[in-house]
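Report on the structure given below.
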Amino acid sequence: MSSARPQVPLTIAGSDPSGGAGLQADLKVFLRLGFSGAAVPTAWTVQGPSGLKQIKPLSGRDVKAQLDALLADMRPCAVKVGMLPSAEVVRAVARALHPLAAKKIPIVVDPVLRSSSGRRVLPKDDVAIFMRQLVPLATILTPNIDEAAELSGMSVDHVRSDTEAVIRELLRAGARNVLIKGGHLSGKESVDILGTRREYVMFSLPRIAQRKQVHGTGCALSSAIAALLGKKMKLDDAVEMAKQYVHAAIEGAKSVGRGSRMLDYLASPEESEFELPEMPTD
Ligand code: PXL
């Protein structure tokens with residue numbers, strides 16, 4: 001047993017009482033990857049696995065107060081940013097993360113613009129502030145196709161036909177790396193494209209046929225990337241391993257009642273560069 005001070009990743013995200021997405025999901029991912037994480041809520045939501053009913057944003061002041069108190073006492077090893085419900089919350093988070101970005105703490109920004117069911121999360125008028133204030137702090141930005149289109153001002157068709165141009169646009173906005181998730185495209189493979197300032201890398205895994213929807217896969221992927229970057233893994237290895245973990249978690253997803261299946265957070269990535277604890281099988 002090491003007696004070194006434990007490293008703590010932080011998620012700044014919405015609360016999903018179903019545990020399928022948001023900060024509850026992020027904390028489970030952190031724990032699976034070996035961390036006891038910290039979490040600052042930005043909103044609480046009303047939902048069960050069958051869908052999101054309401055989003056109740058916290059005020060910018062309340063988010064700021066939580067971040068100030070936490071960051072005065074400890075420095076996280078990595079940060080994941082998920083649901084941001086308003087411009088005032090975007091500002092509070094950007095201000096608090098500025099000093100961490102300056103110290104090169106990895107910051108994974110998952111631009112949750114809409115919920116899985118299509119409900120708007122960040123009002124359209126507030127997207128410009130998100131682009132200006134938060135995107136430049138991102139070590140990696142992880143939009144899906146629709147989010148990439150909205151953030152870049154390009155059409156969804158353009159994102160599909162010239163993903164690299166869209167990545168270049170988002171890099172120009174200040175993100176250091178961009179991962180466009182193709183999971184929402186149909187096709188036999190689920191292909192994600194990572195664009196760095198030097199190269200483009202494709203990650204492809206077979207798409208899993210699901211009889212019932214799962215939600216929260218974007219949350220799980222971004223928090224897994226944050227945790228692995230917090231372990232000082234190289235970015236493309238972290239993305240690859242996070243994707244393998246989420247793939248295994250989708251394969252093992254189980255129904256917990258009505259609505260979406262719950263990801264199998266205890267799943268193991270196919271090949272682990274890091275020794276992860278074995279999980280019991282039943
Ligand atoms: O999957 C996007 C998402 C993120 N965060 C919270 C959510 C959802 C979708 O429902 O509830 C809290």
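Each chain in the structure tokens gets a letter, A, B and so on, in the order shown; residues start at 1 in every chain, and ligands are counted from 1 in the order they appear.
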Can you check which residues of range 3-244 of chain A DSSP gives as strand (DSSP E) on the backbone and send them as a VMD selection string? chain A and resid 9 to 15 38 to 48 51 to 57 78 to 81 107 to 109 140 to 141 178 to 181 189 to 195 200 to 206
*asked:* Need to verify the contact set: range 164-174 of chain A, 10 Å, only C-alpha atoms, exclusion of same-chain residues closer than 2 positions in sequence. Can you return it as a PyMOL selection string?
replied: chain A and resi 131-141+145+148-149+151-155+158-162+176-180+193-197+199-200
Filtering to N, CA, C and O atoms, could you give me those residues as a CSV table (one decimal), in the first residue's frame?
```csv
chain,number,residue,atom,x,y,z
A,131,MET,N,-18.2,29.1,-25.5
A,131,MET,CA,-17.1,29.0,-26.5
A,131,MET,C,-15.9,29.9,-26.1
A,131,MET,O,-14.8,29.6,-26.2
A,132,ARG,N,-16.3,31.1,-25.6
A,132,ARG,CA,-15.2,32.1,-25.3
A,132,ARG,C,-14.5,31.8,-24.0
A,132,ARG,O,-13.3,32.0,-23.9
A,133,GLN,N,-15.3,31.4,-23.0
A,133,GLN,CA,-14.7,31.3,-21.7
A,133,GLN,C,-14.2,29.9,-21.3
A,133,GLN,O,-13.2,29.8,-20.6
A,134,LEU,N,-14.9,28.9,-21.7
A,134,LEU,CA,-14.6,27.6,-21.2
A,134,LEU,C,-13.7,26.8,-22.2
A,134,LEU,O,-12.8,26.1,-21.8
A,135,VAL,N,-14.1,26.9,-23.5
A,135,VAL,CA,-13.4,26.0,-24.5
A,135,VAL,C,-11.9,26.3,-24.5
A,135,VAL,O,-11.1,25.3,-24.6
A,136,PRO,N,-11.4,27.5,-24.3
A,136,PRO,CA,-10.0,27.8,-24.3
A,136,PRO,C,-9.3,27.1,-23.1
A,136,PRO,O,-8.0,27.0,-23.1
A,137,LEU,N,-10.0,26.7,-22.1
A,137,LEU,CA,-9.4,26.0,-20.9
A,137,LEU,C,-9.3,24.5,-21.1
A,137,LEU,O,-8.7,23.8,-20.3
A,138,ALA,N,-9.9,24.0,-22.2
A,138,ALA,CA,-10.1,22.6,-22.3
A,138,ALA,C,-8.8,21.9,-22.8
A,138,ALA,O,-8.3,22.2,-23.9
A,139,THR,N,-8.3,20.9,-22.1
A,139,THR,CA,-7.3,20.0,-22.6
A,139,THR,C,-7.9,19.2,-23.7
A,139,THR,O,-7.2,19.0,-24.7
A,140,ILE,N,-9.1,18.8,-23.5
A,140,ILE,CA,-9.8,18.1,-24.6
A,140,ILE,C,-11.3,18.4,-24.5
A,140,ILE,O,-11.9,18.4,-23.4
A,141,LEU,N,-11.9,18.7,-25.7
A,141,LEU,CA,-13.3,18.9,-25.8
A,141,LEU,C,-13.9,17.7,-26.5
A,141,LEU,O,-13.4,17.2,-27.4
A,145,ILE,N,-21.6,14.6,-32.7
A,145,ILE,CA,-21.7,15.2,-34.0
A,145,ILE,C,-22.6,16.5,-33.9
A,145,ILE,O,-22.3,17.5,-34.4
A,148,ALA,N,-20.8,19.2,-32.0
A,148,ALA,CA,-19.7,19.8,-32.8
A,148,ALA,C,-20.3,20.7,-33.9
A,148,ALA,O,-19.7,21.8,-34.1
A,149,ALA,N,-21.5,20.4,-34.5
A,149,ALA,CA,-22.1,21.3,-35.5
A,149,ALA,C,-22.5,22.6,-34.8
A,149,ALA,O,-22.2,23.7,-35.3
A,151,LEU,N,-21.4,24.0,-32.0
A,151,LEU,CA,-20.3,24.8,-31.5
A,151,LEU,C,-19.5,25.5,-32.6
A,151,LEU,O,-19.0,26.6,-32.5
A,152,SER,N,-19.4,24.8,-33.7
A,152,SER,CA,-18.6,25.3,-34.8
A,152,SER,C,-19.4,26.2,-35.8
A,152,SER,O,-18.8,26.8,-36.7
A,153,GLY,N,-20.7,26.1,-35.6
A,153,GLY,CA,-21.6,26.9,-36.6
A,153,GLY,C,-21.7,26.2,-37.9
A,153,GLY,O,-22.1,26.8,-38.9
A,154,MET,N,-21.3,24.9,-38.0
A,154,MET,CA,-21.4,24.2,-39.3
A,154,MET,C,-22.6,23.3,-39.2
A,154,MET,O,-23.1,23.0,-38.2
A,155,SER,N,-23.0,22.8,-40.4
A,155,SER,CA,-24.1,21.9,-40.4
A,155,SER,C,-23.7,20.4,-40.0
A,155,SER,O,-22.5,20.1,-40.1
A,158,HIS,N,-22.0,18.8,-42.7
A,158,HIS,CA,-20.6,19.2,-42.9
A,158,HIS,C,-19.7,18.4,-41.9
A,158,HIS,O,-18.6,18.0,-42.2
A,159,VAL,N,-20.2,18.3,-40.6
A,159,VAL,CA,-19.4,17.5,-39.6
A,159,VAL,C,-19.1,16.1,-40.1
A,159,VAL,O,-18.1,15.6,-40.0
A,160,ARG,N,-20.2,15.5,-40.7
A,160,ARG,CA,-20.0,14.1,-41.2
A,160,ARG,C,-19.1,14.0,-42.4
A,160,ARG,O,-18.3,13.1,-42.4
A,161,SER,N,-19.2,15.0,-43.3
A,161,SER,CA,-18.4,14.9,-44.5
A,161,SER,C,-17.0,15.4,-44.4
A,161,SER,O,-16.1,15.0,-45.1
A,162,ASP,N,-16.8,16.4,-43.5
A,162,ASP,CA,-15.4,17.0,-43.3
A,162,ASP,C,-15.2,17.2,-41.8
A,162,ASP,O,-15.1,18.3,-41.3
A,176,ARG,N,-7.4,22.5,-26.8
A,176,ARG,CA,-6.1,21.9,-27.2
A,176,ARG,C,-6.2,20.7,-28.0
A,176,ARG,O,-5.3,20.3,-28.8
A,177,ASN,N,-7.3,19.9,-27.7
A,177,ASN,CA,-7.5,18.7,-28.5
A,177,ASN,C,-9.1,18.5,-28.6
A,177,ASN,O,-9.8,19.0,-27.7
A,178,VAL,N,-9.5,17.9,-29.6
A,178,VAL,CA,-11.0,17.7,-29.8
A,178,VAL,C,-11.2,16.2,-30.2
A,178,VAL,O,-10.6,15.7,-31.0
A,179,LEU,N,-12.2,15.7,-29.5
A,179,LEU,CA,-12.6,14.3,-29.8
A,179,LEU,C,-14.1,14.4,-30.3
A,179,LEU,O,-15.0,14.7,-29.5
A,180,ILE,N,-14.3,14.1,-31.6
A,180,ILE,CA,-15.7,14.1,-32.1
A,180,ILE,C,-16.2,12.7,-32.0
A,180,ILE,O,-15.6,11.8,-32.6
A,193,ILE,N,-13.2,10.6,-33.7
A,193,ILE,CA,-12.0,11.1,-34.3
A,193,ILE,C,-11.4,12.1,-33.3
A,193,ILE,O,-12.1,13.1,-32.9
A,194,LEU,N,-10.1,11.9,-33.0
A,194,LEU,CA,-9.4,12.8,-32.1
A,194,LEU,C,-8.5,13.7,-33.0
A,194,LEU,O,-7.7,13.2,-33.8
A,195,GLY,N,-8.7,15.0,-32.8
A,195,GLY,CA,-7.8,15.9,-33.5
A,195,GLY,C,-6.9,16.6,-32.4
A,195,GLY,O,-7.4,17.2,-31.5
A,196,THR,N,-5.6,16.6,-32.7
A,196,THR,CA,-4.7,17.3,-31.8
A,196,THR,C,-4.1,18.4,-32.7
A,196,THR,O,-4.5,18.5,-33.9
A,197,ARG,N,-3.2,19.2,-32.2
A,197,ARG,CA,-2.6,20.2,-33.0
A,197,ARG,C,-1.6,19.6,-34.0
A,197,ARG,O,-1.2,20.3,-34.9
A,199,GLU,N,-2.0,16.0,-35.3
A,199,GLU,CA,-2.5,14.8,-36.1
A,199,GLU,C,-4.0,14.5,-35.8
A,199,GLU,O,-4.6,15.0,-34.8
A,200,TYR,N,-4.5,13.7,-36.6
A,200,TYR,CA,-5.9,13.1,-36.4
A,200,TYR,C,-5.7,11.6,-36.2
A,200,TYR,O,-5.0,10.9,-36.9
```
(Q) If the limit is 8 Å from any atom of ligand 1, counting only C-alpha atoms and all ligand atoms, which residues qualify? Return them as a ChimeraX atom specification. (A) /A:13-16,20-23,43-45,47,51-52,82-83,112,114-117,215-219
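Closest approach to Gly259 in chain A among A:Thr11, A:Ser36, A:Ser50, A:Ser223 is made by A:Ser50 (distances from only C-alpha atoms).
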If we count only C-alpha atoms, what is near range 28-35 of chain A at a cut-off of 7 Å, once residues fewer than 5 positions away on the same chain are taken out, given as a PDB file with N, CA, C and O atoms, in the first residue's frame?
```pdb
ATOM      1  N   VAL A   8      -7.019  13.172  -6.451  1.00  0.00           N
ATOM      2  CA  VAL A   8      -8.486  13.269  -6.511  1.00  0.00           C
ATOM      3  C   VAL A   8      -8.930  13.971  -7.792  1.00  0.00           C
ATOM      4  O   VAL A   8      -8.627  15.147  -7.990  1.00  0.00           O
ATOM      5  N   ALA A 220     -19.782   9.015 -19.102  1.00  0.00           N
ATOM      6  CA  ALA A 220     -18.818   7.983 -18.699  1.00  0.00           C
ATOM      7  C   ALA A 220     -17.515   8.140 -19.478  1.00  0.00           C
ATOM      8  O   ALA A 220     -16.421   8.023 -18.908  1.00  0.00           O
ATOM      9  N   SER A 223     -15.552  11.307 -18.229  1.00  0.00           N
ATOM     10  CA  SER A 223     -14.968  11.167 -16.882  1.00  0.00           C
ATOM     11  C   SER A 223     -13.862  10.116 -16.883  1.00  0.00           C
ATOM     12  O   SER A 223     -12.874  10.249 -16.148  1.00  0.00           O
ATOM     13  N   ALA A 224     -13.994   9.096 -17.741  1.00  0.00           N
ATOM     14  CA  ALA A 224     -12.912   8.103 -17.830  1.00  0.00           C
ATOM     15  C   ALA A 224     -11.655   8.752 -18.427  1.00  0.00           C
ATOM     16  O   ALA A 224     -10.540   8.514 -17.944  1.00  0.00           O
ATOM     17  N   ALA A 227     -10.069  10.800 -15.671  1.00  0.00           N
ATOM     18  CA  ALA A 227      -9.387   9.974 -14.663  1.00  0.00           C
ATOM     19  C   ALA A 227      -8.051   9.468 -15.206  1.00  0.00           C
ATOM     20  O   ALA A 227      -7.029   9.505 -14.514  1.00  0.00           O
ATOM     21  N   TYR A 265     -20.897  -0.150 -14.742  1.00  0.00           N
ATOM     22  CA  TYR A 265     -19.723   0.653 -14.361  1.00  0.00           C
ATOM     23  C   TYR A 265     -18.571  -0.201 -13.860  1.00  0.00           C
ATOM     24  O   TYR A 265     -17.441   0.262 -13.818  1.00  0.00           O
ATOM     25  N   LEU A 266     -18.879  -1.443 -13.464  1.00  0.00           N
ATOM     26  CA  LEU A 266     -17.812  -2.313 -12.949  1.00  0.00           C
ATOM     27  C   LEU A 266     -17.057  -3.028 -14.073  1.00  0.00           C
ATOM     28  O   LEU A 266     -16.129  -3.786 -13.816  1.00  0.00           O
ATOM     29  N   LEU A 276      -5.969  -2.465 -12.806  1.00  0.00           N
ATOM     30  CA  LEU A 276      -7.222  -2.093 -12.162  1.00  0.00           C
ATOM     31  C   LEU A 276      -7.652  -3.259 -11.280  1.00  0.00           C
ATOM     32  O   LEU A 276      -7.360  -4.413 -11.601  1.00  0.00           O
TER      33      LEU A 276
END
```
Next item on the list: Would you please extract all alpha helix (DSSP H) residues from range 45-204 of chain A, as assigned by DSSP on the backbone, and give them as a PyMOL selection string?
Entry: chain A and resi 60-73+87-102+127-129+145-152+156-161+163-172
Excluding Cys77 in chain A and any residue of its chain fewer than 3 positions from it, enumerate the residues within 7 Å of it, using only C-alpha atoms, and give them as a tab-separated table (two decimals) with N, CA, C and O atoms, in the first residue's frame.
```
chain	number	residue	atom	x	y	z
A	7	GLN	N	-4.55	11.05	-5.11
A	7	GLN	CA	-4.92	12.02	-6.12
A	7	GLN	C	-6.44	12.01	-6.25
A	7	GLN	O	-7.06	10.95	-6.18
A	8	VAL	N	-7.02	13.17	-6.45
A	8	VAL	CA	-8.49	13.27	-6.51
A	8	VAL	C	-8.93	13.97	-7.79
A	8	VAL	O	-8.63	15.15	-7.99
A	9	PRO	N	-9.65	13.26	-8.68
A	9	PRO	CA	-10.24	13.94	-9.82
A	9	PRO	C	-11.56	14.61	-9.40
A	9	PRO	O	-12.22	14.16	-8.47
A	105	ILE	N	-3.26	21.30	-15.20
A	105	ILE	CA	-4.12	20.20	-14.73
A	105	ILE	C	-5.04	19.85	-15.90
A	105	ILE	O	-5.66	20.74	-16.48
A	230	GLY	N	-5.56	12.04	-15.37
A	230	GLY	CA	-5.14	12.28	-13.99
A	230	GLY	C	-4.07	11.29	-13.55
A	230	GLY	O	-3.31	11.56	-12.61
```
Here CA of Leu122 in chain A and CA of Phe203 in chain A stand apart by 28.2 Å
- prompt: Using only C-alpha atoms, which of A:Val46, A:Ala69, A:Ser18, A:Leu97 sits nearest Leu263 in chain A?
  reply: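 Once distances to Leu263 in chain A are computed over only C-alpha atoms, the minimum belongs to A:Ser18.
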